[in-house]
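See below for the structure under consideration.
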Amino acid sequence: MSELLKNIIRYVLFILIQVFILSRMPALHRFVTPYLYYLFILWLPFSLSRMSLTFIGFVFGLTLDYFLKTPGLHAAACTLIAYVRPFVIGMLISQEGADKNYIAPSFVSMGWAPYGTYVLVLTVLHHSYLVLLEWMNFGSFMYFIGKVVASTAVSLLLVLLTEVLFYRKQKFRTNTI
Amino acid sequence: MRNVFLFIRRHFNFLFFLVLQIISLSFLFRYNKSHEAAFLSVSTEVTGRLDEKYNNIEYYFQLKKTNEALVQENLRLHQQLVENFEAPDSNKRLFRDTIRVDSVRKWLLMEAKVVNNTIALPSNYLTIHRGFRQGVRPNMGVAGPQGIVGSVINVSENFAVVMSVLHPHFAVVAALKKGGENGTVFWDGISPSFISMRNISRSANVEVGDTVITSQVTSLFPARILVGTVAEIVPDNTSNFYNLKLRPATNFSNIEYAYVLDNLQLEEQKRLEDSTRKKVQ
């Protein structure tokens with residue numbers, strides 16, 4: 001399957017799962033909002049240019065927004081993590097140039113610790129920005145801190161489960177053009 | 001001039017990012033203020049169709065509960081029928097029509113299927129399968145078989161988005177059934193199983209378990225529709241009022257049908273009030 005087709009299918013699936021399963025689950029607590037959809041942006045290929053990455057992030061977030069009736073909220077957060085992603089990868093990736101030899105970020109291509117840090121940093125960034133925008137509307141400082149921490153924990157758990165359940169095979173490509 | 005172009009070329013990615021951020025934030029702030037956004041009614045039409053497909057499946061799992069709610073509502077209406085009441089004096093028989101002859105219709109009810117419904121988010125909405133073509137307009141009230149549900153904020157051709165009672169911007173004037181004191185019902189965003197009511201004066205005789213119904217003065221709902229029951233009374237020490245914690249009458253987690261309430265006299269009332277305001281000024 002081509003990389004483009006794979007990502008289009010992922011796009012649709014992540015939106016549907018977020019809208020029809022995760023946002024409909026009865027909440028454990030008001031601080032816990034399970035978010036998984038942004039994993040789509042973390043899984044995008046290395047080869048995308050920064051501009052197209054930012055744009056994909058924006059469109060992806062806006063799609064979710066129109067489903068959840070919050071125009072702009074998730075789009076802003078997704079644009080942010082899509083823009084920051086290349087910097088984080090550049091900082092974390094090892095010297096051998098995994099971004100040339102592998103297609104997309106994963107445990108295999110980046111290694112456990114760098115990939116874990118990569119997911120953690122972008123998750124915290126995404127959630128803080130999202131909750132900050134919500135917080136401007138209503139809520140208190142405790143709401144902000146509590147929600148960022150609790151949602152990050154739940155999101156990381158979901159990301160880990162997804163990574164284990166849907167293990168992505170990554171081929172090592174030596175002769176890349 | 002050359003430097004400007006050079007600057008744009010060098011920082012193109014960052015500027016592009018800023019532009020997208022500004023677009024999304026302007027979307028968000030405009031929506032928070034007026035519940036309007038670009039392409040919203042088109043997108044409601046598309047997401048509404050998807051929601052409907054999903055709801056077609058999900059509906060089967062709610063059939064029992066929906067049926068129960070409808071039976072309860074039927075029972076309540078049947079209890080009010082004339083046949084259930086008997087005058088002790090059998091010589092005189094007075095037939096009381098349910099509608100007086102000189103009355104004018106104020107409320108028109110339209111049934112609607114709920115196709116999408118959230119309760120766990122910080123601001124919750126419902127999507128109903130009845131839109132502009134079927135007579136739904138923004139700012140109409142929506143009630144379910146059990147009690148009030150919300151108000152319409154956005155309408156597309158065949159679907160409408162309803163701001164649920166569980167939304168921080170929703171507020172409606174309600175009254176205690178026993179004493180008739182008015183207060184404002186709103187949601188504090190903490191738990192979907194409780195809503196709040198403020199501005200109930202301390203002189204009011206209120207107890208836990210009392211019923212709260214919609215007030216005459218709201219233009220969103222007919223009077224005497226169930227809002228909820230009092231679950232906790234919190235005296236507000238800084239003012240002379242009680243804050244009440246209510247258990248909402250509507251079970252938002254499994255609502256499948258709702259009634260859109262069209263206030264036919266609203267326009268006339270608004271016109272009169274506006275012209276009065278102009279006269280006074």
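In the structure tokens, chains take the letters A, B, ... in the order shown, each chain's residues start at 1, and ligands count up from 1 in the order shown.
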Using only C-alpha atoms and a distance of at most 10 Å, pull out the residues of chain B that contact chain A, as a PyMOL selection string. chain B and resi 12-18+20-32+35-44+46-48+50-51+54-55+116-127+161+168-169+188-192+253
Filtered DSSP result for segment 9-100 of chain A, state alpha helix (DSSP H), as an NGL selection string: :A and (9-17 or 39-42 or 50-68 or 73-92 or 98-100)
Shell around Val159 of chain A at 9 Å using only C-alpha atoms, local window under 4 positions removed, as a PyMOL selection string: chain A and resi 36+39+119+154-155+163-164
Selection from above, N, CA and C atoms, as a PDB file, in the first residue's frame, can you write it?
ATOM      1  N   LEU A  36      -6.740  10.972  21.185  1.00  0.00           N
ATOM      2  CA  LEU A  36      -5.818  10.088  20.474  1.00  0.00           C
ATOM      3  C   LEU A  36      -5.567  10.595  19.062  1.00  0.00           C
ATOM      4  N   LEU A  39      -2.293  11.637  17.117  1.00  0.00           N
ATOM      5  CA  LEU A  39      -1.265  10.655  16.763  1.00  0.00           C
ATOM      6  C   LEU A  39      -1.069  10.591  15.252  1.00  0.00           C
ATOM      7  N   VAL A 119       6.864  11.751  21.677  1.00  0.00           N
ATOM      8  CA  VAL A 119       5.417  11.680  21.922  1.00  0.00           C
ATOM      9  C   VAL A 119       5.050  12.515  23.136  1.00  0.00           C
ATOM     10  N   VAL A 154      -3.762  10.013  30.296  1.00  0.00           N
ATOM     11  CA  VAL A 154      -4.673   9.120  29.568  1.00  0.00           C
ATOM     12  C   VAL A 154      -4.262   9.001  28.100  1.00  0.00           C
ATOM     13  N   SER A 155      -3.875  10.130  27.513  1.00  0.00           N
ATOM     14  CA  SER A 155      -3.480  10.107  26.102  1.00  0.00           C
ATOM     15  C   SER A 155      -2.251   9.239  25.890  1.00  0.00           C
ATOM     16  N   GLU A 163       0.201   1.885  19.770  1.00  0.00           N
ATOM     17  CA  GLU A 163       1.486   1.474  19.198  1.00  0.00           C
ATOM     18  C   GLU A 163       1.694  -0.025  19.319  1.00  0.00           C
ATOM     19  N   VAL A 164       1.252  -0.588  20.447  1.00  0.00           N
ATOM     20  CA  VAL A 164       1.458  -2.023  20.655  1.00  0.00           C
ATOM     21  C   VAL A 164       0.482  -2.836  19.815  1.00  0.00           C
TER      22      VAL A 164
END
Please, which residues of segment 44-171 of chain B, numbered as in this document, come out strand (DSSP E or B) from DSSP, as a PyMOL selection string? chain B and resi 107-117+125-128+141-143+148-155+160-164+171
Would you pick out the contacts of Gly144 of chain B at 12 Å or less, using only C-alpha atoms, so that residues sharing its chain but fewer than 3 positions from it are not included, and give the list as a VMD selection string? chain B and resid 66 69 to 70 72 to 73 109 to 114 126 128 141 147 to 151 164 to 165 221 225 to 227 248 to 252 254 to 261
Saved selection, atoms kept: N, CA and C atoms, as a tab-separated table (two decimals), in the first residue's frame:
chain	number	residue	atom	x	y	z
B	66	THR	N	-35.66	4.56	25.53
B	66	THR	CA	-36.47	5.55	24.81
B	66	THR	C	-37.94	5.25	25.00
B	69	ALA	N	-39.16	6.21	28.44
B	69	ALA	CA	-39.34	7.65	28.59
B	69	ALA	C	-40.62	8.11	27.92
B	70	LEU	N	-40.92	7.52	26.75
B	70	LEU	CA	-42.14	7.92	26.04
B	70	LEU	C	-43.38	7.44	26.78
B	72	GLN	N	-43.64	7.03	30.01
B	72	GLN	CA	-43.78	7.93	31.17
B	72	GLN	C	-44.44	9.24	30.75
B	73	GLU	N	-44.03	9.75	29.61
B	73	GLU	CA	-44.59	11.02	29.15
B	73	GLU	C	-46.06	10.86	28.79
B	109	LEU	N	-45.13	22.68	18.47
B	109	LEU	CA	-44.12	21.66	18.76
B	109	LEU	C	-43.78	20.89	17.49
B	110	MET	N	-42.49	20.66	17.28
B	110	MET	CA	-42.07	19.86	16.13
B	110	MET	C	-41.18	18.74	16.66
B	111	GLU	N	-41.50	17.52	16.28
B	111	GLU	CA	-40.67	16.43	16.81
B	111	GLU	C	-39.38	16.32	16.01
B	112	ALA	N	-38.32	15.88	16.64
B	112	ALA	CA	-37.04	15.75	15.94
B	112	ALA	C	-36.25	14.60	16.51
B	113	LYS	N	-35.55	13.90	15.62
B	113	LYS	CA	-34.70	12.78	16.04
B	113	LYS	C	-33.34	13.34	16.42
B	114	VAL	N	-32.85	12.95	17.58
B	114	VAL	CA	-31.50	13.36	17.98
B	114	VAL	C	-30.51	12.41	17.33
B	126	LEU	N	-26.05	18.98	20.78
B	126	LEU	CA	-26.79	17.89	20.17
B	126	LEU	C	-27.03	18.26	18.71
B	128	ILE	N	-29.79	17.56	15.73
B	128	ILE	CA	-31.11	16.97	15.47
B	128	ILE	C	-31.36	16.93	13.97
B	141	GLY	N	-36.36	26.91	21.52
B	141	GLY	CA	-36.10	26.01	22.63
B	141	GLY	C	-36.27	24.56	22.19
B	147	GLY	N	-37.90	16.59	29.98
B	147	GLY	CA	-37.72	17.96	30.44
B	147	GLY	C	-36.95	18.76	29.42
B	148	ILE	N	-36.44	19.94	29.83
B	148	ILE	CA	-35.77	20.81	28.87
B	148	ILE	C	-34.43	20.20	28.43
B	149	VAL	N	-34.04	20.50	27.19
B	149	VAL	CA	-32.81	19.94	26.62
B	149	VAL	C	-31.82	21.03	26.23
B	150	GLY	N	-32.29	22.11	25.60
B	150	GLY	CA	-31.36	23.16	25.21
B	150	GLY	C	-32.02	24.15	24.27
B	151	SER	N	-31.20	24.86	23.49
B	151	SER	CA	-31.74	25.81	22.53
B	151	SER	C	-30.97	25.71	21.22
B	164	SER	N	-26.76	22.30	24.29
B	164	SER	CA	-27.36	21.55	25.38
B	164	SER	C	-27.39	22.39	26.66
B	165	VAL	N	-28.22	21.98	27.61
B	165	VAL	CA	-28.19	22.65	28.92
B	165	VAL	C	-26.79	22.53	29.51
B	221	PHE	N	-39.01	28.59	26.32
B	221	PHE	CA	-39.81	27.40	26.61
B	221	PHE	C	-41.20	27.82	27.07
B	225	ILE	N	-42.53	23.48	32.10
B	225	ILE	CA	-41.83	22.28	31.63
B	225	ILE	C	-40.78	21.93	32.67
B	226	LEU	N	-40.59	20.66	32.91
B	226	LEU	CA	-39.69	20.21	33.96
B	226	LEU	C	-38.24	20.58	33.65
B	227	VAL	N	-37.54	21.14	34.64
B	227	VAL	CA	-36.12	21.43	34.50
B	227	VAL	C	-35.30	20.44	35.31
B	248	PRO	N	-30.72	17.37	36.75
B	248	PRO	CA	-31.56	17.66	35.59
B	248	PRO	C	-32.61	16.57	35.35
B	249	ALA	N	-33.79	17.00	34.88
B	249	ALA	CA	-34.87	16.04	34.64
B	249	ALA	C	-34.54	15.15	33.45
B	250	THR	N	-33.88	15.75	32.44
B	250	THR	CA	-33.55	14.99	31.23
B	250	THR	C	-32.30	14.16	31.48
B	251	ASN	N	-32.38	12.91	31.07
B	251	ASN	CA	-31.18	12.08	31.10
B	251	ASN	C	-30.45	12.29	29.76
B	252	PHE	N	-29.42	13.13	29.80
B	252	PHE	CA	-28.79	13.55	28.55
B	252	PHE	C	-28.04	12.41	27.86
B	254	ASN	N	-28.97	9.36	27.16
B	254	ASN	CA	-29.67	8.49	26.21
B	254	ASN	C	-30.91	9.15	25.60
B	255	ILE	N	-30.79	10.44	25.30
B	255	ILE	CA	-31.93	11.12	24.69
B	255	ILE	C	-31.97	10.80	23.19
B	256	GLU	N	-33.11	10.34	22.72
B	256	GLU	CA	-33.24	9.95	21.31
B	256	GLU	C	-34.23	10.83	20.54
B	257	TYR	N	-35.22	11.35	21.23
B	257	TYR	CA	-36.19	12.23	20.57
B	257	TYR	C	-36.32	13.54	21.33
B	258	ALA	N	-36.59	14.60	20.61
B	258	ALA	CA	-36.79	15.88	21.28
B	258	ALA	C	-37.84	16.67	20.53
B	259	TYR	N	-38.39	17.68	21.17
B	259	TYR	CA	-39.37	18.55	20.52
B	259	TYR	C	-38.76	19.94	20.37
B	260	VAL	N	-38.81	20.46	19.14
B	260	VAL	CA	-38.39	21.83	18.93
B	260	VAL	C	-39.60	22.72	19.18
B	261	LEU	N	-39.42	23.75	19.99
B	261	LEU	CA	-40.55	24.58	20.40
B	261	LEU	C	-40.48	25.93	19.69
Using only C-alpha atoms, which of A:Leu165, A:Leu48, A:Ile8, A:Leu122 sits nearest Lys100 of chain A?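 Smallest distance to Lys100 of chain A is found for A:Leu48.
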Residue neighbourhood Leu156 of chain A, 10 Å, only C-alpha atoms, exclusion window fewer than 3 positions, as a PyMOL selection string: chain A and resi 34-36+116+119-120+123-124+151-153+159-162
In Å, with one decimal, what is the gap from atom CA of Arg271 of chain B to atom CA of Ala171 of chain B?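 These atoms are spaced 22.5 Å apart.
Shortest atom-to-atom contact with Trp112 of chain A among A:Leu125, A:Leu130, A:Leu92, A:Leu158: A:Leu92, counting only C-alpha atoms.
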Considering only C-alpha atoms, return as an NGL selection string whatever protein or nucleic-acid residues lie within 6 Å of segment 153-158 of chain B, sequence-local ones (same chain, fewer than 6 positions apart) excluded. :B and (41 or 130-133 or 138-139)
B:Asn67, B:Ser196, B:Thr214, B:Asn263 ranked by distance to Glu232 of chain B, top pick (using only C-alpha atoms):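 Of B:Asn67, B:Ser196, B:Thr214, B:Asn263, the one nearest Glu232 of chain B, counting only C-alpha atoms, is B:Ser196.
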I'd like the neighbourhood of Gln265 of chain B as a list of chain:residue names, where a residue qualifies if any of its atoms comes within 9 Å (using only C-alpha atoms), though same-chain residues fewer than 5 positions away should be ignored. B:Arg105, B:Lys106, B:Trp107, B:Lys270
